[in-house]
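Below is data_7.cif, which holds mmCIF, C-alpha atoms.
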data_run
#
loop_
_atom_site.group_PDB
_atom_site.id
_atom_site.type_symbol
_atom_site.label_atom_id
_atom_site.label_comp_id
_atom_site.auth_asym_id
_atom_site.auth_seq_id
_atom_site.Cartn_x
_atom_site.Cartn_y
_atom_site.Cartn_z
ATOM 1 C CA MET N 1 0.000 0.000 0.000
ATOM 2 C CA ASP N 2 1.446 3.393 -0.936
ATOM 3 C CA GLU N 3 1.824 6.350 1.420
ATOM 4 C CA PRO N 4 -1.306 8.355 0.413
ATOM 5 C CA MET N 5 -3.545 5.278 0.633
ATOM 6 C CA ALA N 6 -1.949 4.360 3.959
ATOM 7 C CA ALA N 7 -2.747 7.864 5.214
ATOM 8 C CA ALA N 8 -6.364 7.509 4.119
ATOM 9 C CA ALA N 9 -6.628 4.076 5.739
ATOM 10 C CA LEU N 10 -5.136 5.412 8.959
ATOM 11 C CA ALA N 11 -7.524 8.396 8.998
ATOM 12 C CA SER N 12 -10.480 6.068 8.522
ATOM 13 C CA ALA N 13 -9.292 3.693 11.235
ATOM 14 C CA ILE N 14 -8.784 6.565 13.689
ATOM 15 C CA ALA N 15 -12.269 7.919 13.001
ATOM 16 C CA LEU N 16 -13.780 4.500 13.634
ATOM 17 C CA ALA N 17 -11.725 3.886 16.768
ATOM 18 C CA LEU N 18 -12.709 7.235 18.257
ATOM 19 C CA SER N 19 -16.391 6.496 17.805
ATOM 20 C CA GLY N 20 -16.286 3.683 20.418
ATOM 21 C CA CYS N 21 -17.977 0.286 20.487
ATOM 22 C CA GLY N 22 -21.606 -0.198 19.599
ATOM 23 C CA ILE N 23 -24.200 -0.277 22.321
ATOM 24 C CA ILE N 24 -26.260 -3.427 22.579
ATOM 25 C CA GLY N 25 -29.329 -1.709 23.999
ATOM 26 C CA PRO N 26 -32.305 -3.127 25.903
ATOM 27 C CA GLY N 27 -33.590 -6.652 25.408
ATOM 28 C CA LYS N 28 -31.709 -9.752 24.381
ATOM 29 C CA PRO N 29 -27.941 -9.212 24.076
ATOM 30 C CA LEU N 30 -26.431 -9.699 20.655
ATOM 31 C CA THR N 31 -24.374 -12.890 20.317
ATOM 32 C CA VAL N 32 -20.919 -13.071 18.759
ATOM 33 C CA ASP N 33 -22.355 -14.961 15.766
ATOM 34 C CA GLU N 34 -25.087 -12.360 15.280
ATOM 35 C CA ALA N 35 -22.568 -9.507 15.442
ATOM 36 C CA ARG N 36 -20.326 -11.195 12.864
ATOM 37 C CA SER N 37 -23.296 -11.963 10.631
ATOM 38 C CA GLN N 38 -24.481 -8.324 10.690
ATOM 39 C CA ALA N 39 -21.008 -7.090 9.764
ATOM 40 C CA VAL N 40 -20.587 -9.625 6.946
ATOM 41 C CA THR N 41 -24.023 -8.744 5.558
ATOM 42 C CA GLU N 42 -23.115 -5.050 5.582
ATOM 43 C CA LEU N 43 -19.744 -5.674 3.942
ATOM 44 C CA ARG N 44 -21.278 -7.830 1.215
ATOM 45 C CA SER N 45 -23.958 -5.215 0.519
ATOM 46 C CA VAL N 46 -21.257 -2.619 -0.212
ATOM 47 C CA LEU N 47 -19.049 -4.958 -2.252
ATOM 48 C CA GLU N 48 -22.073 -5.872 -4.385
ATOM 49 C CA LEU N 49 -22.553 -2.196 -5.344
ATOM 50 C CA ALA N 50 -19.515 -2.466 -7.642
ATOM 51 C CA PRO N 51 -18.859 -6.150 -8.383
ATOM 52 C CA ASP N 52 -16.419 -5.307 -11.197
ATOM 53 C CA THR N 53 -14.264 -3.361 -8.733
ATOM 54 C CA TRP N 54 -14.485 -5.196 -5.419
ATOM 55 C CA PRO N 55 -13.640 -8.851 -4.795
ATOM 56 C CA GLN N 56 -16.763 -10.650 -3.611
ATOM 57 C CA GLU N 57 -15.012 -12.866 -1.053
ATOM 58 C CA VAL N 58 -15.321 -11.897 2.595
ATOM 59 C CA PRO N 59 -11.916 -11.834 4.315
ATOM 60 C CA GLU N 60 -11.231 -13.218 7.763
ATOM 61 C CA PRO N 61 -11.862 -10.490 10.318
ATOM 62 C CA ALA N 62 -9.462 -9.041 12.834
ATOM 63 C CA ALA N 63 -10.722 -9.541 16.406
ATOM 64 C CA ASN N 64 -10.386 -6.338 18.438
ATOM 65 C CA ASP N 65 -10.687 -5.733 22.164
ATOM 66 C CA CYS N 66 -13.550 -3.589 23.426
ATOM 67 C CA GLN N 67 -15.846 -3.477 26.445
ATOM 68 C CA VAL N 68 -19.572 -3.797 27.010
ATOM 69 C CA ASP N 69 -20.732 -2.519 30.406
ATOM 70 C CA GLY N 70 -17.239 -3.098 31.821
ATOM 71 C CA GLN N 71 -17.026 -6.669 30.512
ATOM 72 C CA LYS N 72 -14.370 -7.990 28.171
ATOM 73 C CA ALA N 73 -15.794 -7.928 24.668
ATOM 74 C CA VAL N 74 -14.878 -8.410 21.017
ATOM 75 C CA GLN N 75 -15.427 -6.445 17.839
ATOM 76 C CA PHE N 76 -14.715 -7.891 14.383
ATOM 77 C CA SER N 77 -13.155 -5.720 11.684
ATOM 78 C CA TYR N 78 -13.464 -6.618 8.010
ATOM 79 C CA TYR N 79 -11.212 -4.818 5.516
ATOM 80 C CA VAL N 80 -11.198 -5.079 1.723
ATOM 81 C CA GLU N 81 -8.792 -3.160 -0.509
ATOM 82 C CA VAL N 82 -8.388 -2.752 -4.274
ATOM 83 C CA ASP N 83 -5.819 -1.026 -6.463
ATOM 84 C CA GLY N 84 -6.619 1.581 -9.090
ATOM 85 C CA PRO N 85 -10.428 1.841 -9.067
ATOM 86 C CA ASP N 86 -11.899 3.210 -12.313
ATOM 87 C CA ASP N 87 -13.900 5.944 -10.604
ATOM 88 C CA PRO N 88 -13.056 6.365 -6.916
ATOM 89 C CA GLN N 89 -15.536 9.196 -6.385
ATOM 90 C CA VAL N 90 -18.423 7.046 -7.674
ATOM 91 C CA LEU N 91 -17.432 4.186 -5.330
ATOM 92 C CA VAL N 92 -17.583 6.513 -2.331
ATOM 93 C CA GLU N 93 -20.835 8.152 -3.466
ATOM 94 C CA GLN N 94 -22.504 4.763 -4.047
ATOM 95 C CA ALA N 95 -21.540 3.504 -0.604
ATOM 96 C CA GLY N 96 -22.602 6.747 1.058
ATOM 97 C CA GLU N 97 -25.999 6.720 -0.635
ATOM 98 C CA HIS N 98 -26.442 3.034 0.268
ATOM 99 C CA TRP N 99 -25.684 3.721 3.933
ATOM 100 C CA ARG N 100 -27.843 6.855 4.016
ATOM 101 C CA LYS N 101 -30.837 4.850 2.742
ATOM 102 C CA GLN N 102 -30.235 2.348 5.573
ATOM 103 C CA GLY N 103 -30.449 5.080 8.184
ATOM 104 C CA TYR N 104 -26.767 5.591 8.848
ATOM 105 C CA GLU N 105 -25.425 8.996 9.878
ATOM 106 C CA LEU N 106 -22.630 9.927 7.482
ATOM 107 C CA THR N 107 -19.434 11.905 7.870
ATOM 108 C CA THR N 108 -17.887 12.697 4.502
ATOM 109 C CA THR N 109 -14.482 14.145 3.711
ATOM 110 C CA GLN N 110 -12.560 15.051 0.607
ATOM 111 C CA THR N 111 -8.869 15.875 0.869
ATOM 112 C CA GLU N 112 -6.644 17.045 -1.936
ATOM 113 C CA MET N 113 -3.426 15.051 -2.136
ATOM 114 C CA ASP N 114 -0.895 15.233 -4.960
ATOM 115 C CA ALA N 115 -1.268 15.034 -8.748
ATOM 116 C CA ALA N 116 -0.620 11.282 -8.885
ATOM 117 C CA THR N 117 -3.035 10.399 -6.081
ATOM 118 C CA GLY N 118 -5.781 12.920 -6.725
ATOM 119 C CA ASP N 119 -8.359 13.577 -4.020
ATOM 120 C CA VAL N 120 -9.024 11.224 -1.133
ATOM 121 C CA SER N 121 -12.789 10.826 -0.800
ATOM 122 C CA ALA N 122 -14.110 9.124 2.307
ATOM 123 C CA VAL N 123 -17.337 8.344 4.139
ATOM 124 C CA VAL N 124 -17.736 7.044 7.682
ATOM 125 C CA ALA N 125 -21.177 5.603 8.493
ATOM 126 C CA ARG N 126 -22.582 5.114 11.995
ATOM 127 C CA ALA N 127 -26.009 4.070 13.236
ATOM 128 C CA GLU N 128 -27.354 2.822 16.522
ATOM 129 C CA GLY N 129 -27.686 -0.960 16.523
ATOM 130 C CA LYS N 130 -25.711 -1.489 13.297
ATOM 131 C CA PRO N 131 -22.119 -2.217 12.348
ATOM 132 C CA ARG N 132 -19.912 0.805 11.645
ATOM 133 C CA ALA N 133 -18.589 1.185 8.142
ATOM 134 C CA SER N 134 -16.264 3.348 6.107
ATOM 135 C CA ILE N 135 -14.911 3.712 2.616
ATOM 136 C CA ALA N 136 -12.003 5.752 1.278
ATOM 137 C CA ALA N 137 -10.790 5.982 -2.305
ATOM 138 C CA THR N 138 -8.235 7.656 -4.539
ATOM 139 C CA ARG N 139 -7.072 6.976 -8.097
ATOM 140 C CA ILE N 140 -4.428 4.692 -6.589
ATOM 141 C CA GLY N 141 -6.631 2.528 -4.391
ATOM 142 C CA ALA N 142 -9.795 2.125 -2.378
ATOM 143 C CA HIS N 143 -10.860 0.278 0.747
ATOM 144 C CA VAL N 144 -14.004 -0.610 2.661
ATOM 145 C CA ASN N 145 -13.944 -1.300 6.387
ATOM 146 C CA VAL N 146 -16.826 -2.711 8.430
ATOM 147 C CA ASP N 147 -16.651 -3.143 12.200
ATOM 148 C CA SER N 148 -19.161 -5.347 13.967
ATOM 149 C CA ARG N 149 -20.950 -4.180 17.051
ATOM 150 C CA CYS N 150 -19.014 -4.786 20.251
ATOM 151 C CA VAL N 151 -20.317 -7.916 21.996
ATOM 152 C CA VAL N 152 -19.389 -9.777 25.161
ATOM 153 C CA GLY N 153 -16.744 -12.365 24.393
ATOM 154 C CA ASP N 154 -12.991 -12.940 24.528
ATOM 155 C CA PRO N 155 -11.164 -11.553 21.485
ATOM 156 C CA ASP N 156 -8.383 -14.098 22.064
ATOM 157 C CA ASP N 157 -10.838 -16.857 21.179
ATOM 158 C CA TYR N 158 -10.996 -15.415 17.637
ATOM 159 C CA ARG N 159 -7.340 -14.621 16.988
#
Encoding of this model in structure tokens:
Amino acid sequence: MDEPMAAAALASAIALALSGCGIIGPGKPLTVDEARSQAVTELRSVLELAPDTWPQEVPEPAANDCQVDGQKAVQFSYYVEVDGPDDPQVLVEQAGEHWRKQGYELTTTQTEMDAATGDVSAVVARAEGKPRASIAATRIGAHVNVDSRCVVGDPDDYR
């Protein structure tokens, strides 16, 4: 991954990390399998928006530490990256519109880089009771990241 794309990936990861773990809410707690399933469903829905650009396979997630009501918990992060998308701005706009229709609150950014990289376009999507998601793209590369909701469980069991 080149330096501009690494910077965009880092910015996206920081934004997601600062937003904290999802809240389970009242009623039946979400299970680990349900949290993973929600995140995979969300990831697939974005990858399917541009099947000629994104691979359709779901990668193995990274298991991250988090807490739910003071208890040890796990959050699964799914990350997919591609090189040289045909139209990075369209990828970001499609994902943003998709998430907006699903009730996500969006934070969008566009940062001018250099002539070779072009602009970095990004969207971070958050909604109560849903996985968090983000996309960032330049002429050089693009990535989608989906983080499951934080659920009680031991991250070490999934590493």
Quick one, how far is atom CA of Gly84 of chain N from atom CA of Pro55 of chain N?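 Spanning atom CA of Gly84 of chain N to atom CA of Pro55 of chain N is a straight-line distance of 13.3 Å.
Here atom CA of Tyr79 of chain N stands at a distance of 20.2 Å from atom CA of Gly129 of chain N.
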* Excluding segment 59-73 of chain N and residues on its chain fewer than 5 positions from it, collect all residues at most 8 Å away from it, counting only C-alpha atoms, and give them as a ChimeraX atom specification. => /N:21,23,78-80,150-156,158-159
message: Show me the residues around (-23.1, -5.4, 8.1) - criterion: an atom at most 10 Å away, all atoms listed in the file counted - as a PyMOL selection string.
response: chain N and resi 35-46+78+130-133+146-149
At a cut-off of 8 Å around the point (-8.9, 11.4, -6.2) (file coordinates), what residues fall inside when counting all atoms listed in the file? I'd like the answer as a ChimeraX atom specification. /N:88-89,112-113,117-121,137-139
Would you save the residues of that selection, restricted to C-alpha atoms, as a CSV table (one decimal), keeping the file's coordinate frame?
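Below is the file that was written, again22.csv:
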chain,number,residue,atom,x,y,z
N,88,PRO,CA,-13.1,6.4,-6.9
N,89,GLN,CA,-15.5,9.2,-6.4
N,112,GLU,CA,-6.6,17.0,-1.9
N,113,MET,CA,-3.4,15.1,-2.1
N,117,THR,CA,-3.0,10.4,-6.1
N,118,GLY,CA,-5.8,12.9,-6.7
N,119,ASP,CA,-8.4,13.6,-4.0
N,120,VAL,CA,-9.0,11.2,-1.1
N,121,SER,CA,-12.8,10.8,-0.8
N,137,ALA,CA,-10.8,6.0,-2.3
N,138,THR,CA,-8.2,7.7,-4.5
N,139,ARG,CA,-7.1,7.0,-8.1
Report task. In Å, rounded to a single decimal, give me how far atom CA of Pro29 of chain N is from atom CA of Asn145 of chain N. Result ->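 Between these atoms lies a distance of 23.9 Å.
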Exercise. Pick out the closest residue to Val123 of chain N from this set: N:Gly141, N:Gln102, N:Asp157, N:Glu97. Count all atoms listed in the file.
Key: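 Distance minimum relative to Val123 of chain N lands on N:Glu97.
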Listed atoms of segment 39-50 of chain N boxed along x, y and z, 8 Å each side, centre and edge lengths in Å, one decimal, as AutoDock Vina command-line options:
--center_x -21.5 --center_y -5.9 --center_z 1.1 --size_x 21.0 --size_y 23.4 --size_z 33.4
Resolved residues for the PyMOL selection byres ((chain N and resi 53) around 10) as a ChimeraX atom specification
/N:47-52,54-56,81-88,91,142
Self-check item: Residue nearest Tyr104 of chain N - candidates N:Ala127, N:Ile135, N:Val32, N:Gln75, atoms counted: only C-alpha atoms
Solution: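 Using only C-alpha atoms, Tyr104 of chain N sits closest to N:Ala127.
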Fill in: Residue neighbourhood Ala122 of chain N, 8 Å, all atoms listed in the file, exclusion window fewer than 4 positions, as an MDAnalysis selection string
chainID N and resid 12 92 108:110 134:137
